[in-house]
>>> print(open('target-v5.txt').read())   # compact mmCIF, C-alpha atoms
# COMPACT_ATOMS: atom_id res chain seq x y z
CA MET C 1 29.66 -1.30 -4.95
CA GLY C 2 28.05 0.33 -1.91
CA GLU C 3 25.88 -1.82 0.25
CA LYS C 4 22.98 0.53 0.80
CA LEU C 5 20.08 1.90 -1.15
CA ARG C 6 19.19 5.37 0.14
CA LEU C 7 15.61 6.37 -0.63
CA LEU C 8 14.37 9.90 -0.08
CA LEU C 9 10.60 10.45 -0.25
CA LEU C 10 10.46 13.97 -1.64
CA GLU C 11 7.77 16.63 -1.10
CA SER C 12 5.64 14.20 0.89
CA PRO C 13 2.11 15.63 1.26
CA LEU C 14 2.25 15.29 5.02
CA GLU C 15 1.48 18.11 7.46
CA LEU C 16 -0.68 19.00 10.44
CA VAL C 17 -3.91 20.86 9.71
CA PRO C 18 -2.76 24.48 9.38
CA ARG C 19 -4.03 26.89 12.01
CA GLU C 20 -6.13 28.89 9.54
CA LEU C 21 -8.32 25.80 8.96
CA TRP C 22 -8.90 24.87 12.62
CA SER C 23 -12.36 26.40 12.75
CA HIS C 24 -13.56 25.03 9.41
CA PRO C 25 -16.59 22.73 9.89
CA GLN C 26 -14.85 19.78 8.17
CA VAL C 27 -11.90 20.07 10.51
CA VAL C 28 -14.07 20.54 13.59
CA LYS C 29 -16.05 17.47 12.55
CA THR C 30 -13.06 15.17 12.11
CA ALA C 31 -11.46 16.47 15.30
CA ARG C 32 -14.62 15.58 17.17
CA ARG C 33 -14.89 12.20 15.45
CA TYR C 34 -11.43 11.19 16.58
CA ASP C 35 -11.61 13.07 19.87
CA LEU C 36 -8.56 15.20 19.01
CA GLU C 37 -7.69 18.87 18.88
CA PRO C 38 -7.73 20.32 15.33
CA GLY C 39 -4.00 21.04 15.61
CA ASP C 40 -3.31 17.35 16.29
CA LEU C 41 -4.88 16.21 13.03
CA ILE C 42 -2.99 15.31 9.90
CA LEU C 43 -4.30 17.24 6.91
CA ASP C 44 -6.21 14.71 4.79
CA LYS C 45 -7.71 15.77 1.49
CA SER C 46 -10.27 13.01 1.64
CA LEU C 47 -11.69 14.50 4.85
CA HIS C 48 -10.76 18.18 4.44
CA TYR C 49 -11.34 18.76 0.75
CA ASN C 50 -13.56 21.81 1.14
CA ALA C 51 -11.49 23.24 3.96
CA MET C 52 -8.38 23.01 1.77
CA ALA C 53 -9.90 25.18 -0.96
CA VAL C 54 -8.15 28.25 0.46
CA LEU C 55 -4.71 26.65 0.75
CA PRO C 56 -1.94 27.49 -1.74
CA LYS C 57 -0.53 24.51 -3.68
CA LYS C 58 -3.41 22.40 -2.45
CA TRP C 59 -2.89 19.76 -5.15
CA LYS C 60 0.37 18.80 -3.47
CA ARG C 61 -0.99 18.62 0.07
CA GLY C 62 -3.04 16.41 2.37
CA ARG C 63 -2.24 12.94 1.01
CA PRO C 64 -0.86 10.99 3.97
CA ASP C 65 -2.17 7.83 2.30
CA ILE C 66 0.58 8.04 -0.34
CA VAL C 67 3.27 8.11 2.33
CA HIS C 68 1.55 5.27 4.18
CA VAL C 69 1.32 2.86 1.27
CA THR C 70 4.85 3.70 0.15
CA LEU C 71 6.35 3.06 3.59
CA LEU C 72 4.42 -0.21 3.95
CA ASN C 73 5.91 -1.29 0.65
CA ILE C 74 9.46 -0.15 1.28
CA LEU C 75 9.86 -1.60 4.74
CA ASP C 76 8.69 -5.12 3.87
CA SER C 77 11.86 -6.01 2.01
CA PRO C 78 14.82 -8.15 3.02
CA LEU C 79 16.95 -5.07 2.28
CA ALA C 80 15.26 -3.25 5.16
CA MET C 81 15.58 -6.25 7.47
CA ASP C 82 19.25 -6.71 6.61
CA GLY C 83 20.20 -3.05 7.09
CA LYS C 84 20.80 -2.37 3.39
CA LEU C 85 18.19 0.31 3.07
CA GLU C 86 18.02 3.88 4.34
CA VAL C 87 14.71 5.73 4.19
CA TYR C 88 14.13 9.46 4.60
CA ILE C 89 10.92 11.49 4.41
CA HIS C 90 11.00 15.08 3.25
CA VAL C 91 7.71 16.73 4.22
CA PHE C 92 5.70 19.77 3.19
CA ASP C 93 7.33 22.15 5.69
CA GLY C 94 10.78 21.18 4.41
CA ARG C 95 11.98 19.04 7.31
CA VAL C 96 13.58 15.66 6.65
CA PHE C 97 13.04 12.64 8.89
CA ARG C 98 14.92 9.38 8.98
CA VAL C 99 12.94 6.15 9.27
CA GLU C 100 14.82 3.29 10.89
CA PRO C 101 14.35 0.34 8.55
CA HIS C 102 13.11 -1.98 11.31
CA THR C 103 10.25 0.41 12.15
CA ARG C 104 6.91 -1.32 12.16
CA ILE C 105 4.66 1.13 10.37
CA PRO C 106 1.05 0.92 11.65
CA LYS C 107 -0.94 -0.99 9.03
CA HIS C 108 -4.09 0.89 9.88
CA PHE C 109 -4.39 4.26 8.20
CA GLU C 110 -5.88 6.08 11.20
CA ARG C 111 -3.10 4.84 13.46
CA PHE C 112 -0.51 5.83 10.89
CA LYS C 113 -1.92 9.35 10.81
CA GLY C 114 -1.79 9.47 14.61
CA LEU C 115 1.88 8.50 14.51
CA MET C 116 2.68 11.06 11.84
CA ALA C 117 0.93 13.80 13.84
CA GLN C 118 3.14 12.95 16.79
CA LEU C 119 6.22 12.96 14.56
CA LEU C 120 5.45 16.37 13.11
CA LYS C 121 4.72 17.86 16.53
CA VAL C 122 7.52 16.34 18.58
CA GLY C 123 10.11 15.76 15.84
CA ARG C 124 10.46 12.08 16.68
CA VAL C 125 8.55 8.91 17.49
CA PRO C 126 8.35 7.45 19.98
CA PRO C 127 8.78 10.64 22.03
CA GLU C 128 11.01 8.81 24.56
CA GLY C 129 13.59 6.04 24.25
CA GLU C 130 15.27 4.89 21.07
CA PRO C 131 13.76 6.86 18.19
CA LEU C 132 12.34 5.01 15.18
CA ILE C 133 11.52 8.04 13.04
CA TYR C 134 13.24 11.32 13.79
CA GLU C 135 14.17 14.68 12.34
CA VAL C 136 17.61 14.81 10.75
CA ALA C 137 17.42 18.17 8.98
CA GLY C 138 15.30 21.30 8.95
CA SER C 139 15.46 21.63 5.18
CA LEU C 140 16.36 19.65 2.08
CA SER C 141 19.44 21.85 1.49
CA GLU C 142 20.70 21.11 4.97
CA PHE C 143 19.98 17.41 4.50
CA LEU C 144 21.79 17.14 1.19
CA SER C 145 24.78 19.32 2.05
CA GLY C 146 27.72 17.62 0.38
CA SER C 147 25.61 14.68 -0.89
CA ARG C 148 24.22 14.18 -4.34
CA LEU C 149 20.66 13.46 -5.40
CA ILE C 150 19.39 11.16 -8.14
CA LEU C 151 15.85 12.13 -9.04
CA MET C 152 13.15 9.76 -10.27
CA TRP C 153 11.38 12.04 -12.69
CA GLU C 154 8.98 11.36 -15.54
CA ARG C 155 11.11 13.58 -17.78
CA GLY C 156 14.41 12.00 -16.73
CA VAL C 157 16.59 9.71 -18.84
CA GLN C 158 14.70 6.51 -19.57
CA VAL C 159 16.54 3.59 -18.04
CA SER C 160 15.78 0.27 -16.35
CA PRO C 161 15.33 0.06 -12.57
CA ASP C 162 18.50 -2.07 -12.61
CA ARG C 163 20.47 0.86 -14.00
CA VAL C 164 19.09 3.27 -11.38
CA VAL C 165 19.98 0.91 -8.57
CA GLU C 166 23.46 0.19 -9.94
CA ASP C 167 24.13 3.90 -10.11
CA ALA C 168 22.65 4.61 -6.69
CA MET C 169 24.41 1.78 -4.90
CA SER C 170 27.78 2.37 -6.50
CA SER C 171 27.71 6.11 -5.85
CA GLY C 172 25.96 6.07 -2.48
CA ASP C 173 23.82 8.99 -3.68
CA TYR C 174 20.24 9.47 -2.53
CA VAL C 175 17.40 8.40 -4.82
CA GLY C 176 14.55 10.89 -4.59
CA ILE C 177 10.97 9.84 -5.36
CA GLY C 178 8.24 12.46 -5.65
CA MET C 179 5.36 11.74 -3.26
CA PHE C 180 2.87 14.32 -4.52
CA PRO C 181 -0.15 13.10 -6.49
CA ARG C 182 -0.07 15.72 -9.25
CA GLY C 183 2.15 18.37 -10.71
CA ASP C 184 5.92 18.42 -10.81
CA PHE C 185 8.76 18.83 -8.34
CA LYS C 186 9.43 22.33 -7.08
CA ARG C 187 12.12 24.05 -9.08
CA SER C 188 14.25 24.25 -5.94
CA VAL C 189 14.15 20.45 -5.74
CA LEU C 190 14.83 19.93 -9.44
CA ARG C 191 17.88 22.17 -9.14
CA LYS C 192 19.32 19.94 -6.43
CA ALA C 193 19.36 16.83 -8.63
CA SER C 194 22.69 15.84 -10.13
CA ARG C 195 20.90 13.51 -12.60
CA SER C 196 17.39 12.20 -13.19
CA TYR C 197 15.92 8.95 -14.44
CA SER C 198 12.52 7.60 -15.42
CA ILE C 199 11.50 3.95 -15.54
CA MET C 200 8.89 2.08 -17.59
CA GLY C 201 9.24 4.41 -20.52
CA GLY C 202 8.19 7.50 -18.64
CA ARG C 203 4.72 6.20 -17.73
CA PRO C 204 3.16 8.08 -14.83
CA LEU C 205 3.53 5.76 -11.85
CA LYS C 206 2.47 5.93 -8.25
CA ALA C 207 5.23 6.69 -5.76
CA TRP C 208 4.89 3.25 -4.18
CA THR C 209 5.26 1.56 -7.56
CA VAL C 210 8.48 3.40 -8.33
CA ALA C 211 9.79 2.45 -4.87
CA SER C 212 8.73 -1.21 -5.30
CA ARG C 213 10.43 -1.54 -8.65
CA LEU C 214 13.66 -0.09 -7.30
CA LEU C 215 13.56 -2.47 -4.35
CA CYS C 216 12.87 -5.35 -6.68
CA ALA C 217 15.92 -4.40 -8.75
CA ALA C 218 18.07 -4.03 -5.63
CA GLU C 219 16.95 -7.41 -4.30
CA ARG C 220 17.87 -8.94 -7.63
CA MET C 221 21.26 -7.25 -7.66
CA LEU C 222 22.03 -8.38 -4.12
CA GLY C 223 20.95 -11.95 -4.83
CA TYR C 224 17.73 -12.08 -2.82
CA LEU C 225 15.50 -12.97 -5.76
CA MET X 1 3.59 -18.20 -23.67
CA GLY X 2 0.25 -16.93 -22.44
CA GLU X 3 -0.22 -13.21 -22.32
CA LYS X 4 -1.87 -12.89 -18.93
CA LEU X 5 -0.94 -13.12 -15.32
CA ARG X 6 -3.92 -14.33 -13.28
CA LEU X 7 -3.70 -13.36 -9.62
CA LEU X 8 -6.09 -14.76 -7.05
CA LEU X 9 -6.10 -13.09 -3.62
CA LEU X 10 -6.93 -16.04 -1.39
CA GLU X 11 -8.76 -16.04 1.94
CA SER X 12 -8.96 -12.26 1.97
CA PRO X 13 -9.91 -11.04 5.47
CA LEU X 14 -12.83 -9.07 4.09
CA GLU X 15 -16.41 -9.36 5.39
CA LEU X 16 -19.28 -7.28 6.73
CA VAL X 17 -19.58 -7.07 10.52
CA PRO X 18 -21.40 -10.31 11.41
CA ARG X 19 -24.89 -9.95 12.87
CA GLU X 20 -23.88 -11.29 16.29
CA LEU X 21 -21.59 -8.27 16.77
CA TRP X 22 -24.05 -5.57 15.73
CA SER X 23 -24.89 -4.59 19.30
CA HIS X 24 -21.31 -4.60 20.58
CA PRO X 25 -20.30 -1.13 21.83
CA GLN X 26 -17.28 -0.95 19.48
CA VAL X 27 -19.50 -1.68 16.50
CA VAL X 28 -22.21 0.73 17.62
CA LYS X 29 -19.55 3.40 18.08
CA THR X 30 -18.03 3.04 14.61
CA ALA X 31 -21.47 2.81 13.01
CA ARG X 32 -22.38 6.10 14.66
CA ARG X 33 -19.04 7.68 13.73
CA TYR X 34 -19.54 6.96 10.05
CA ASP X 35 -23.30 7.41 10.16
CA LEU X 36 -23.93 3.84 8.93
CA GLU X 37 -25.91 0.81 10.03
CA PRO X 38 -23.77 -1.84 11.78
CA GLY X 39 -24.56 -4.29 8.98
CA ASP X 40 -23.10 -1.87 6.42
CA LEU X 41 -19.69 -1.80 8.10
CA ILE X 42 -16.66 -3.77 7.01
CA LEU X 43 -15.23 -5.77 9.90
CA ASP X 44 -11.99 -4.03 10.87
CA LYS X 45 -9.80 -5.49 13.57
CA SER X 46 -8.26 -2.13 14.32
CA LEU X 47 -11.70 -0.78 15.27
CA HIS X 48 -13.47 -3.96 16.40
CA TYR X 49 -10.73 -5.83 18.23
CA ASN X 50 -12.67 -6.43 21.42
CA ALA X 51 -15.89 -7.19 19.60
CA MET X 52 -14.09 -9.84 17.55
CA ALA X 53 -12.98 -11.78 20.64
CA VAL X 54 -15.95 -14.13 20.27
CA LEU X 55 -15.43 -14.85 16.58
CA PRO X 56 -13.96 -18.16 15.42
CA LYS X 57 -10.73 -17.90 13.37
CA LYS X 58 -10.46 -14.28 14.35
CA TRP X 59 -6.76 -14.10 13.44
CA LYS X 60 -7.73 -14.47 9.80
CA ARG X 61 -10.50 -11.87 9.81
CA GLY X 62 -11.08 -8.14 9.77
CA ARG X 63 -8.04 -6.91 7.83
CA PRO X 64 -9.43 -4.94 4.88
CA ASP X 65 -6.22 -2.90 4.91
CA ILE X 66 -4.27 -5.86 3.51
CA VAL X 67 -6.62 -6.13 0.55
CA HIS X 68 -6.49 -2.37 0.06
CA VAL X 69 -2.70 -2.04 -0.08
CA THR X 70 -2.40 -5.14 -2.25
CA LEU X 71 -4.93 -3.88 -4.80
CA LEU X 72 -3.32 -0.44 -4.90
CA ASN X 73 -0.04 -2.15 -5.69
CA ILE X 74 -1.35 -4.61 -8.24
CA LEU X 75 -3.41 -2.19 -10.28
CA ASP X 76 -0.66 0.40 -10.78
CA SER X 77 1.25 -1.68 -13.29
CA PRO X 78 1.51 -1.42 -17.06
CA LEU X 79 0.28 -5.04 -17.10
CA ALA X 80 -3.04 -3.91 -15.67
CA MET X 81 -3.28 -0.97 -18.05
CA ASP X 82 -2.46 -3.13 -21.05
CA GLY X 83 -4.95 -5.89 -20.21
CA LYS X 84 -2.31 -8.47 -19.30
CA LEU X 85 -3.45 -8.95 -15.75
CA GLU X 86 -6.50 -10.64 -14.25
CA VAL X 87 -7.28 -10.08 -10.58
CA TYR X 88 -9.69 -12.05 -8.41
CA ILE X 89 -10.54 -11.69 -4.72
CA HIS X 90 -11.61 -14.72 -2.71
CA VAL X 91 -13.20 -13.49 0.52
CA PHE X 92 -14.00 -14.92 3.93
CA ASP X 93 -17.47 -16.21 3.02
CA GLY X 94 -15.99 -18.13 0.07
CA ARG X 95 -17.21 -15.95 -2.79
CA VAL X 96 -14.85 -14.91 -5.55
CA PHE X 97 -14.97 -11.49 -7.22
CA ARG X 98 -13.28 -10.33 -10.37
CA VAL X 99 -11.62 -6.90 -10.39
CA GLU X 100 -11.42 -5.25 -13.79
CA PRO X 101 -7.82 -4.15 -14.14
CA HIS X 102 -8.72 -0.56 -15.05
CA THR X 103 -10.65 -0.15 -11.77
CA ARG X 104 -9.55 2.90 -9.84
CA ILE X 105 -9.38 1.65 -6.29
CA PRO X 106 -10.18 4.45 -3.78
CA LYS X 107 -6.86 5.57 -2.31
CA HIS X 108 -8.49 6.51 0.95
CA PHE X 109 -9.00 3.58 3.31
CA GLU X 110 -12.43 4.65 4.57
CA ARG X 111 -13.72 5.02 1.02
CA PHE X 112 -12.25 1.66 0.10
CA LYS X 113 -14.12 0.06 3.00
CA GLY X 114 -17.33 1.73 1.84
CA LEU X 115 -16.83 0.29 -1.64
CA MET X 116 -16.10 -3.17 -0.28
CA ALA X 117 -19.22 -3.06 1.91
CA GLN X 118 -21.27 -2.30 -1.18
CA LEU X 119 -19.57 -5.12 -3.07
CA LEU X 120 -20.25 -7.68 -0.36
CA LYS X 121 -23.89 -6.61 -0.04
CA VAL X 122 -24.83 -6.18 -3.69
CA GLY X 123 -22.35 -8.57 -5.31
CA ARG X 124 -20.99 -5.90 -7.62
CA VAL X 125 -19.79 -2.31 -7.82
CA PRO X 126 -21.02 -0.02 -9.06
CA PRO X 127 -24.53 -1.40 -8.49
CA GLU X 128 -25.67 -0.20 -11.93
CA GLY X 129 -23.96 0.06 -15.30
CA GLU X 130 -20.75 -1.65 -16.33
CA PRO X 131 -19.42 -3.53 -13.30
CA LEU X 132 -15.84 -2.95 -12.15
CA ILE X 133 -15.74 -5.55 -9.40
CA TYR X 134 -18.28 -8.35 -9.45
CA GLU X 135 -19.01 -11.83 -8.17
CA VAL X 136 -17.91 -14.62 -10.49
CA ALA X 137 -18.34 -17.63 -8.18
CA GLY X 138 -20.00 -18.55 -4.92
CA SER X 139 -17.07 -20.69 -3.80
CA LEU X 140 -13.44 -21.37 -4.58
CA SER X 141 -14.30 -24.85 -5.90
CA GLU X 142 -16.81 -23.39 -8.30
CA PHE X 143 -14.32 -20.73 -9.37
CA LEU X 144 -11.51 -23.17 -10.03
CA SER X 145 -13.57 -25.89 -11.71
CA GLY X 146 -11.35 -27.21 -14.45
CA SER X 147 -8.57 -24.67 -13.77
CA ARG X 148 -5.38 -25.22 -11.86
CA LEU X 149 -3.96 -23.26 -8.97
CA ILE X 150 -0.35 -22.33 -8.24
CA LEU X 151 -0.01 -21.43 -4.58
CA MET X 152 2.45 -18.90 -3.16
CA TRP X 153 3.23 -20.62 0.11
CA GLU X 154 6.06 -20.18 2.58
CA ARG X 155 6.59 -23.95 2.56
CA GLY X 156 6.47 -24.24 -1.23
CA VAL X 157 9.40 -24.96 -3.53
CA GLN X 158 11.90 -22.10 -3.31
CA VAL X 159 12.20 -20.43 -6.68
CA SER X 160 12.70 -16.98 -8.17
CA PRO X 161 9.72 -14.75 -8.98
CA ASP X 162 10.81 -15.13 -12.63
CA ARG X 163 10.24 -18.87 -12.42
CA VAL X 164 6.78 -18.45 -10.89
CA VAL X 165 5.75 -16.01 -13.58
CA GLU X 166 7.16 -18.16 -16.39
CA ASP X 167 5.18 -21.10 -15.09
CA ALA X 168 2.01 -19.08 -14.52
CA MET X 169 2.04 -17.31 -17.87
CA SER X 170 2.92 -20.38 -19.91
CA SER X 171 0.28 -22.54 -18.20
CA GLY X 172 -2.42 -19.87 -17.78
CA ASP X 173 -2.99 -21.21 -14.24
CA TYR X 174 -4.06 -18.95 -11.39
CA VAL X 175 -1.46 -17.75 -8.91
CA GLY X 176 -2.93 -17.72 -5.40
CA ILE X 177 -1.56 -15.36 -2.74
CA GLY X 178 -2.69 -15.72 0.88
CA MET X 179 -4.15 -12.47 2.19
CA PHE X 180 -4.46 -13.39 5.88
CA PRO X 181 -2.02 -11.82 8.35
CA ARG X 182 -1.21 -14.95 10.35
CA GLY X 183 -1.58 -18.69 10.21
CA ASP X 184 -1.70 -20.89 7.17
CA PHE X 185 -4.07 -21.58 4.31
CA LYS X 186 -7.13 -23.70 5.07
CA ARG X 187 -6.53 -27.33 4.26
CA SER X 188 -9.32 -27.15 1.70
CA VAL X 189 -7.35 -24.43 -0.11
CA LEU X 190 -4.02 -26.26 0.14
CA ARG X 191 -5.66 -29.34 -1.37
CA LYS X 192 -6.70 -27.34 -4.43
CA ALA X 193 -3.13 -26.34 -5.32
CA SER X 194 -1.47 -28.29 -8.11
CA ARG X 195 1.95 -26.90 -7.04
CA SER X 196 3.31 -24.34 -4.62
CA TYR X 197 6.24 -21.94 -4.61
CA SER X 198 7.94 -19.61 -2.17
CA ILE X 199 10.14 -16.64 -3.06
CA MET X 200 13.00 -14.91 -1.23
CA GLY X 201 14.10 -18.08 0.47
CA GLY X 202 10.83 -18.66 2.29
CA ARG X 203 10.96 -15.38 4.25
CA PRO X 204 7.57 -14.35 5.60
CA LEU X 205 6.39 -11.58 3.31
CA LYS X 206 3.35 -9.35 3.22
CA ALA X 207 0.77 -10.21 0.60
CA TRP X 208 1.42 -6.97 -1.25
CA THR X 209 5.15 -7.66 -1.39
CA VAL X 210 4.61 -11.08 -2.95
CA ALA X 211 2.25 -9.52 -5.48
CA SER X 212 4.69 -6.68 -6.27
CA ARG X 213 7.58 -9.05 -6.85
CA LEU X 214 5.51 -11.18 -9.21
CA LEU X 215 4.41 -8.10 -11.13
CA CYS X 216 8.00 -6.89 -11.30
CA ALA X 217 9.05 -10.25 -12.75
CA ALA X 218 6.18 -10.21 -15.24
CA GLU X 219 7.02 -6.66 -16.35
CA ARG X 220 10.61 -7.76 -16.89
CA MET X 221 9.54 -10.82 -18.85
CA LEU X 222 7.23 -8.79 -21.06
CA GLY X 223 9.86 -6.13 -21.68
CA TYR X 224 8.41 -3.26 -19.67
CA LEU X 225 11.45 -2.85 -17.41
>>> encode(input="target-v5.txt", output="C-alpha cells")
Amino acid sequence: MGEKLRLLLLESPLELVPRELWSHPQVVKTARRYDLEPGDLILDKSLHYNAMAVLPKKWKRGRPDIVHVTLLNILDSPLAMDGKLEVYIHVFDGRVFRVEPHTRIPKHFERFKGLMAQLLKVGRVPPEGEPLIYEVAGSLSEFLSGSRLILMWERGVQVSPDRVVEDAMSSGDYVGIGMFPRGDFKRSVLRKASRSYSIMGGRPLKAWTVASRLLCAAERMLGYL
Amino acid sequence: MGEKLRLLLLESPLELVPRELWSHPQVVKTARRYDLEPGDLILDKSLHYNAMAVLPKKWKRGRPDIVHVTLLNILDSPLAMDGKLEVYIHVFDGRVFRVEPHTRIPKHFERFKGLMAQLLKVGRVPPEGEPLIYEVAGSLSEFLSGSRLILMWERGVQVSPDRVVEDAMSSGDYVGIGMFPRGDFKRSVLRKASRSYSIMGGRPLKAWTVASRLLCAAERMLGYL
C-alpha cells in the first residue's frame, strides 16, 4: 500500500483576464476597484459575466471560487500535515502546478485571487525563496507521461470512496477531479484516464465534496478517524 | 435511530459593521467600493483589520468566510437534498437562524456577504415569499430551551466521527461546531453542552473540516457511501 494520495484538480477554471477583454467596462471597473492592471486580474464570472459573453467555452471558465474552496478543504487534513497528500492544479491554459501540502491558502477570496494571479504570471509563489505552489508541467500530457490517471467522473463505475482510495493508494496513480461547474471533461482528458469512478451513486457533486469524501476515506484507511 | 443530523454553527463571526466603525477610513473605503452604506456591510477582518482594533473580542469577529466555506460544504450533501439535515447559524449578536437545506448559498464571497447583510438586517432572506434562511431565536438559550447540545470541542472526549453521528442521530440532539478562528467557546456556551467530543485525536481543525467529517460519517451510516 502506497503512503500517498495524489489529487489532481483537472480543468480548473483559473486564468488571467484574457487580453481581448482588457478594455471591457466590467474589467476596467474591477481593475480600478482593486487598483490593478486588467492583465493582473483573475477572470471571475461573478464580476465579468457580460465581458465573458464573447469567450469560447465560457461555461468552463472564470470560477476561481471553486479552486479556492476545494484547496481550503483539501489542505486542512492530517494527511496534508503528515506529508501523505500530493496536490496538483491543472488550469485552463493546460499548465500543471504543484501545491506543497503545508501551503497556507489565503482564506479570503480576494487575497486568494491575488495569489493565483501571481502564480499564473510568474509560474510560482512566492516569486523568491522556497516555492509553495509552482509549475511542474506545461501540459497535462507532459505531467502524466508514464503515470496513470484515475478519473472521478459522474459516468464512471459506481464505487465507494473507500474503493477509490484503496485503488489510488495501492497503485500510486493520480486521482483527477473535474473543477469546472458544468459540462464534461474534454475528450483529450477523458482519453488519458486508465479508469473512472463515481461516488454516491453518480449524484452530481461539487468538486470540493468529491475531494472531501476521498480525504475522509483516506483518513479512515490510515487510522486517523 | 433518528433520521436527522442537526448541525448548529456556534459563535459564527458574522455581524454588520458596528456603528462605532462607520466613519473609519477602511469602512468608508469598502462602502464606497461596493456602493453601499457602512451599516449595510458585513464586518470582514480582511478588509477592516485596522478598524477592528478597538473592538472587544476582535479575534472572534469579522470572519464571514468561515461561515461561507462551511455552508458550501454542508449543503452539498445528499443528506441536505434528502431532508436529513438541519442547519442553524448562531451569530455574534446571539440570534439563531435556520438554513433550509435546499438553500443555494451564493458561491461568490461578495454575494454571500450581501445575502448575510440582508439576513442580519431583515431577519430573513429572501425578505418576501418563502424564507430560505430565517431567525428562529433571539438567543442561544431560547433556541436550546428543552433541547440538548453536543459540543465539538478540542478538549472533548476523543471519539470517531461515526460515534458522534450515532449519538447525535439517535438522541436528536444538536451538534454544535465552533465557527470562530481562534480562542475557545464562551463559558456560557460551554455550560450549555450536555457532552463534548473531539475528532482526529484533538487536532485543531477548521470548522468546515469538522462539519465535512460528520457529514461523511452520516452518509456512511445512512448508506450513501
>>> closest_residue(input="target-v5.txt", among="X:Val165, X:Leu55, X:Ile150, X:Ile66", to="chain C", atoms="only C-alpha atoms")
X:Ile66
>>> residues_around(input="target-v5.txt", residues="segment 171-176 of chain C", least_positions_apart="4", cutoff="7 Å", atoms="only C-alpha atoms", output="list in words")
Gly2, Arg6, Leu7, Leu8, Leu9, Leu10, Ser147, Arg148, Leu149, Ile150, Leu151, Met152 and Asp167 of chain C
>>> interface_residues(input="target-v5.txt", of="chain X", to="chain C", cutoff="8 Å", atoms="only C-alpha atoms", output="PyMOL selection string")
chain X and resi 33+46+65+69+73+76-77+107-109+160-161+199-201+205-206+208-209+212-213+216+224-225
>>> atom_distance(input="target-v5.txt", atom1="atom CA of Tyr88 of chain C", atom2="atom CA of Leu71 of chain X")
25.1 Å
>>> closest_residue(input="target-v5.txt", among="X:Tyr49, X:Tyr197, X:Trp59, X:Trp22", to="Phe92 of chain X", atoms="all atoms listed in the file")
X:Trp59
>>> atom_distance(input="target-v5.txt", atom1="atom CA of Ile177 of chain C", atom2="atom CA of Glu11 of chain C")
8.6 Å
>>> atom_distance(input="target-v5.txt", atom1="atom CA of Arg163 of chain C", atom2="atom CA of Met81 of chain C")
23.1 Å
>>> residues_around(input="target-v5.txt", residues="Glu20 of chain X", least_positions_apart="6", cutoff="10 Å", atoms="only C-alpha atoms", output="list in words")
Ala51, Met52, Val54 and Leu55 of chain X
>>> residues_around(input="target-v5.txt", residues="Ser23 of chain X", least_positions_apart="2", cutoff="12 Å", atoms="all atoms listed in the file", output="number ranges by chain")
X: 17-21, 25-32, 37-39, 48, 51
>>> residues_around(input="target-v5.txt", residues="Gly138 of chain X", least_positions_apart="3", cutoff="10 Å", atoms="all atoms listed in the file", output="short mmCIF file (atom, residue, chain, number, x, y, z; two decimals) with C-alpha atoms, in the frame of the given file")
data_model
loop_
_atom_site.label_atom_id
_atom_site.label_comp_id
_atom_site.auth_asym_id
_atom_site.auth_seq_id
_atom_site.Cartn_x
_atom_site.Cartn_y
_atom_site.Cartn_z
CA HIS X 90 -11.61 -14.72 -2.71
CA ASP X 93 -17.47 -16.21 3.02
CA GLY X 94 -15.99 -18.13 0.07
CA ARG X 95 -17.21 -15.95 -2.79
CA VAL X 96 -14.85 -14.91 -5.55
CA PHE X 97 -14.97 -11.49 -7.22
CA GLU X 135 -19.01 -11.83 -8.17
CA SER X 141 -14.30 -24.85 -5.90
CA GLU X 142 -16.81 -23.39 -8.30
CA PHE X 143 -14.32 -20.73 -9.37
#
>>> residues_around(input="target-v5.txt", residues="Pro126 of chain C", least_positions_apart="3", cutoff="12 Å", atoms="only C-alpha atoms", output="short mmCIF file (atom, residue, chain, number, x, y, z; two decimals) with C-alpha atoms, keeping the file's coordinate frame")
data_model
loop_
_atom_site.label_atom_id
_atom_site.label_comp_id
_atom_site.auth_asym_id
_atom_site.auth_seq_id
_atom_site.Cartn_x
_atom_site.Cartn_y
_atom_site.Cartn_z
CA VAL C 99 12.94 6.15 9.27
CA GLU C 100 14.82 3.29 10.89
CA THR C 103 10.25 0.41 12.15
CA ARG C 104 6.91 -1.32 12.16
CA GLY C 114 -1.79 9.47 14.61
CA LEU C 115 1.88 8.50 14.51
CA MET C 116 2.68 11.06 11.84
CA ALA C 117 0.93 13.80 13.84
CA GLN C 118 3.14 12.95 16.79
CA LEU C 119 6.22 12.96 14.56
CA LEU C 120 5.45 16.37 13.11
CA LYS C 121 4.72 17.86 16.53
CA VAL C 122 7.52 16.34 18.58
CA GLY C 123 10.11 15.76 15.84
CA GLY C 129 13.59 6.04 24.25
CA GLU C 130 15.27 4.89 21.07
CA PRO C 131 13.76 6.86 18.19
CA LEU C 132 12.34 5.01 15.18
CA ILE C 133 11.52 8.04 13.04
CA TYR C 134 13.24 11.32 13.79
#
